[in-house]
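Enquirer: For reference, the structure I am asking about is given below.
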Amino acid sequence: MKVAAFSFSMRKSSKPELILGIRNLAGLEACYRYADAVYFSTDLLSLRARAKEITLENLEEFVKEVRARGLRAYLAVNSTVKEERLGEASRVVEAAAKAGVDALIAWDPAVILRARKAGVRVHISTQANVTNHETAEFYRGLGAERIVLSRELSLKEVKEIKEHTEVEIEAFVHGAMCMAVSGRCHLSAYVLGRSGNCGECTQPCRWEWELHGENGIVAESRGKYLLSAKDLCMVEHVPELIEAGISAFKVEGRLRDPGYLEVVSRCYREAIDAYAEGNYTPERAGAWKEELASVYNRGFSTGFYFGVPGLEGFSPERDMNASEKKRRAAGVVENYYPRQQAAAIRLLEEGIAVGDEILIEGSTTYLKQQVRSLRKGGFELERAEMGDEVGLAVDGAVRKNDRVFII
């Protein structure tokens, strides 16, 4: 699909807010140096039901950690709210107000009305599927300060909406795309009885499928992953997005690992800053895209921004992760000794050597470093083998049961 060339004349424009989706403190630690804000959910009324580490009980403390790093905190309350879950909606909004979140990301009027009553700002979720300025104005009339537009809009349509409304516009710039209209897929519920609209999507669109004709013959196709959409990647089009008047860039990925969050947040931070400083170039954008391809992805596309995607928007011949660079599990932390700045690690899957780049990760830990020193039985080692328990010099705090990866 041909994309019109964009003039890189740097007209003055304020920087959009960069928002990363996270699920725990490790994700926050990975991206806070680059993001302006983070969005997350609790264990209730979220489209990411597996992200259960933030609860109503620890929400206030989590928001404090976000604020301590200079970021804004947005709480997603975006699943379907059935009659029996109205009580949960009240509890979540009350907890959000007490924690002092900067805004709720919501679409259900039951949640919006509760947020207004509690004095909590509201950003309208992409689940509302806002595709025109009159709908944006409708939600502004309900008190919404920002609209997360539908992912099925072209850049031209985004511009037209922004020209006719004063409400802030937020748009997705990177991450997974849904093969159905965003968030309205019933395939998971139909196949396994687990509703994607209630946060339990099993992603059957990422499975291997066969195409059968009416006569029972299996049709030849271009691959097995017939429903798997490529990930959105707009790092090569940051100028166009800013010029369209988009106030906030949103990165999907509340279930992605912290290493992914670090790379993606840094690349988009550099791209946004480069545009503002007048030194954004296609060559630099290409380099950022290569780096983004080094972490989890399903192949890249520009989604609907430059027209309705055809086959080029799908990845039928690839499994879930198209990245050629994958981290390898090595072991687990058995103990941490803060005075010695060392950890005892057990190498369960693979050995490590001095000079290796490693990542130590847990629900509250994200530490990337080089192996500087290994010790066993009082002796220095150049290499430790699978099955060994060794002392490792660490550059920061780690915790028992954190995982050790070679990267």
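Labeling convention for the structure tokens: chains A, B, ... as they appear, residues from 1 per chain, ligands from 1 in order of appearance.
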Which residues, written as a PyMOL selection string, have at least one atom at most 9 Å from Glu361 (chain A), with only C-alpha atoms counted and residues fewer than 5 positions away on the same chain left out?
Expert: chain A and resi 26+257-258+366-368+398+402-405
Enquirer: Please return as a PyMOL selection string: the residues of region 76-261 of chain A that backbone DSSP assigns to alpha helix (DSSP H).
Expert: chain A and resi 86-99+109-118+133-141+155-163+187-192+238-243+258-261
Enquirer: Using only C-alpha atoms, which of A:Ala384, A:Ala274, A:Ala229, A:Val390 sits nearest Met179 (chain A)?
Expert: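 Closest residue, counting only C-alpha atoms: A:Ala229.
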Enquirer: For region 9-51 of chain A against region 156-171 of chain A, with a cut-off of 10 Å and counting only C-alpha atoms, what is the closest atom pair and its distance in Å to one decimal for every residue that makes the cut, ordered by chain and number, as a tab-separated table?
Expert:
residue	atom	partner	partner_atom	distance
A:Pro16	CA	A:Glu170	CA	8.9
A:Glu17	CA	A:Glu170	CA	8.8
A:Leu18	CA	A:Glu170	CA	9.8
A:Ile19	CA	A:Glu170	CA	9.5
Enquirer: Could you tell me how far CA of Ala89 (chain A) lies from CA of Val251 (chain A), in Å and to one decimal?
Expert: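 So the two atoms, CA of Ala89 (chain A) and CA of Val251 (chain A), lie 25.1 Å apart.
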Enquirer: I want to know what sits within 10 Å of region 54-71 of chain A, based on only C-alpha atoms, with residues of the same chain fewer than 2 positions away left out; could you give that as a PyMOL selection string?
Expert: chain A and resi 19+23-25+28-29+32-38+40-44+51-52+73-75+91-102
Enquirer: With a distance cut-off of 7 Å and only C-alpha atoms, select the neighbouring residues of region 328-339 of chain A, excluding the residue or stretch itself and same-chain residues fewer than 3 positions from it, and output the selection as a PyMOL selection string.
Expert: chain A and resi 342-351+397-407
Enquirer: Just checking: using only C-alpha atoms, which residue out of A:Glu252, A:Val173, A:His123, A:Thr202 ends up closest to Met234 (chain A)?
Expert: A:Val173
Enquirer: List every residue of region 19-233 of chain A that DSSP, applied to the backbone of this structure, assigns to strand (DSSP E), and report them as a ChimeraX atom specification.
Expert: /A:19-21,37-40,72-77,103-106,122-124,146-148,168-175,211-212,218-219,231-233
Enquirer: Do you know which residues are at most 10 Å from region 374-380 of chain A counting only C-alpha atoms, after dropping those on the same chain fewer than 2 positions away, and could you put them as an NGL selection string?
Expert: :A and (342-344 or 352-354 or 371-372 or 382-384 or 388-393)
Enquirer: Which distance in Å separates CA of Pro316 (chain A) and CA of Trp288 (chain A), to one decimal?
Expert: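 Straight-line distance from CA of Pro316 (chain A) to CA of Trp288 (chain A) works out to 24.8 Å.
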Enquirer: Using only C-alpha atoms, which protein or nucleic acid residues come within 10 Å of Phe300 (chain A)? Drop anything in the same chain fewer than 3 positions from it, and give the result as a count of residues only.
Expert: 19
Enquirer: Between A:Leu192, A:Ile246, A:Ile124, A:Leu227, which has the minimum distance to Glu145 (chain A) (counting only C-alpha atoms)?
Expert: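 Smallest distance to Glu145 (chain A) is found for A:Ile124.
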Enquirer: Excluding Arg256 (chain A) and residues on its chain fewer than 2 positions from it, collect all residues at most 9 Å away from it, counting only C-alpha atoms, and give them as a list in words.
Expert: Gly21, Ile22, Arg23, Gly27, Glu252, Gly253, Arg254, Pro258, Gly259, Tyr260, Leu261 and Tyr296 of chain A
Enquirer: Filtering to N, CA and C atoms, could you give me those residues as a PDB file, in the first residue's frame?
Expert:
ATOM      1  N   GLY A  21       1.344   1.079  28.659  1.00  0.00           N
ATOM      2  CA  GLY A  21       0.532   0.153  29.447  1.00  0.00           C
ATOM      3  C   GLY A  21       1.427  -0.747  30.290  1.00  0.00           C
ATOM      4  N   ILE A  22       1.156  -0.843  31.585  1.00  0.00           N
ATOM      5  CA  ILE A  22       1.959  -1.677  32.482  1.00  0.00           C
ATOM      6  C   ILE A  22       1.051  -2.519  33.364  1.00  0.00           C
ATOM      7  N   ARG A  23       1.647  -3.535  34.013  1.00  0.00           N
ATOM      8  CA  ARG A  23       0.864  -4.413  34.884  1.00  0.00           C
ATOM      9  C   ARG A  23       1.404  -4.489  36.299  1.00  0.00           C
ATOM     10  N   GLY A  27       7.268  -3.258  35.355  1.00  0.00           N
ATOM     11  CA  GLY A  27       6.975  -2.527  34.127  1.00  0.00           C
ATOM     12  C   GLY A  27       7.160  -1.031  34.305  1.00  0.00           C
ATOM     13  N   GLU A 252       0.034  -0.061  23.376  1.00  0.00           N
ATOM     14  CA  GLU A 252      -0.666  -1.244  23.913  1.00  0.00           C
ATOM     15  C   GLU A 252       0.367  -2.225  24.460  1.00  0.00           C
ATOM     16  N   GLY A 253       0.019  -2.960  25.518  1.00  0.00           N
ATOM     17  CA  GLY A 253       0.951  -3.971  25.998  1.00  0.00           C
ATOM     18  C   GLY A 253       0.994  -4.174  27.488  1.00  0.00           C
ATOM     19  N   ARG A 254      -0.181  -4.171  28.145  1.00  0.00           N
ATOM     20  CA  ARG A 254      -0.179  -4.366  29.600  1.00  0.00           C
ATOM     21  C   ARG A 254       0.309  -5.750  30.007  1.00  0.00           C
ATOM     22  N   PRO A 258       8.795  -6.389  30.862  1.00  0.00           N
ATOM     23  CA  PRO A 258       9.427  -5.089  31.064  1.00  0.00           C
ATOM     24  C   PRO A 258      10.482  -4.744  30.023  1.00  0.00           C
ATOM     25  N   GLY A 259      11.209  -5.743  29.508  1.00  0.00           N
ATOM     26  CA  GLY A 259      12.198  -5.464  28.473  1.00  0.00           C
ATOM     27  C   GLY A 259      11.572  -4.846  27.243  1.00  0.00           C
ATOM     28  N   TYR A 260      10.414  -5.336  26.870  1.00  0.00           N
ATOM     29  CA  TYR A 260       9.644  -4.776  25.756  1.00  0.00           C
ATOM     30  C   TYR A 260       9.280  -3.325  26.059  1.00  0.00           C
ATOM     31  N   LEU A 261       8.798  -3.069  27.273  1.00  0.00           N
ATOM     32  CA  LEU A 261       8.369  -1.729  27.643  1.00  0.00           C
ATOM     33  C   LEU A 261       9.529  -0.738  27.604  1.00  0.00           C
ATOM     34  N   TYR A 296       9.474  -8.328  21.352  1.00  0.00           N
ATOM     35  CA  TYR A 296       8.283  -9.085  20.956  1.00  0.00           C
ATOM     36  C   TYR A 296       7.446  -8.309  19.933  1.00  0.00           C
TER      37      TYR A 296
END
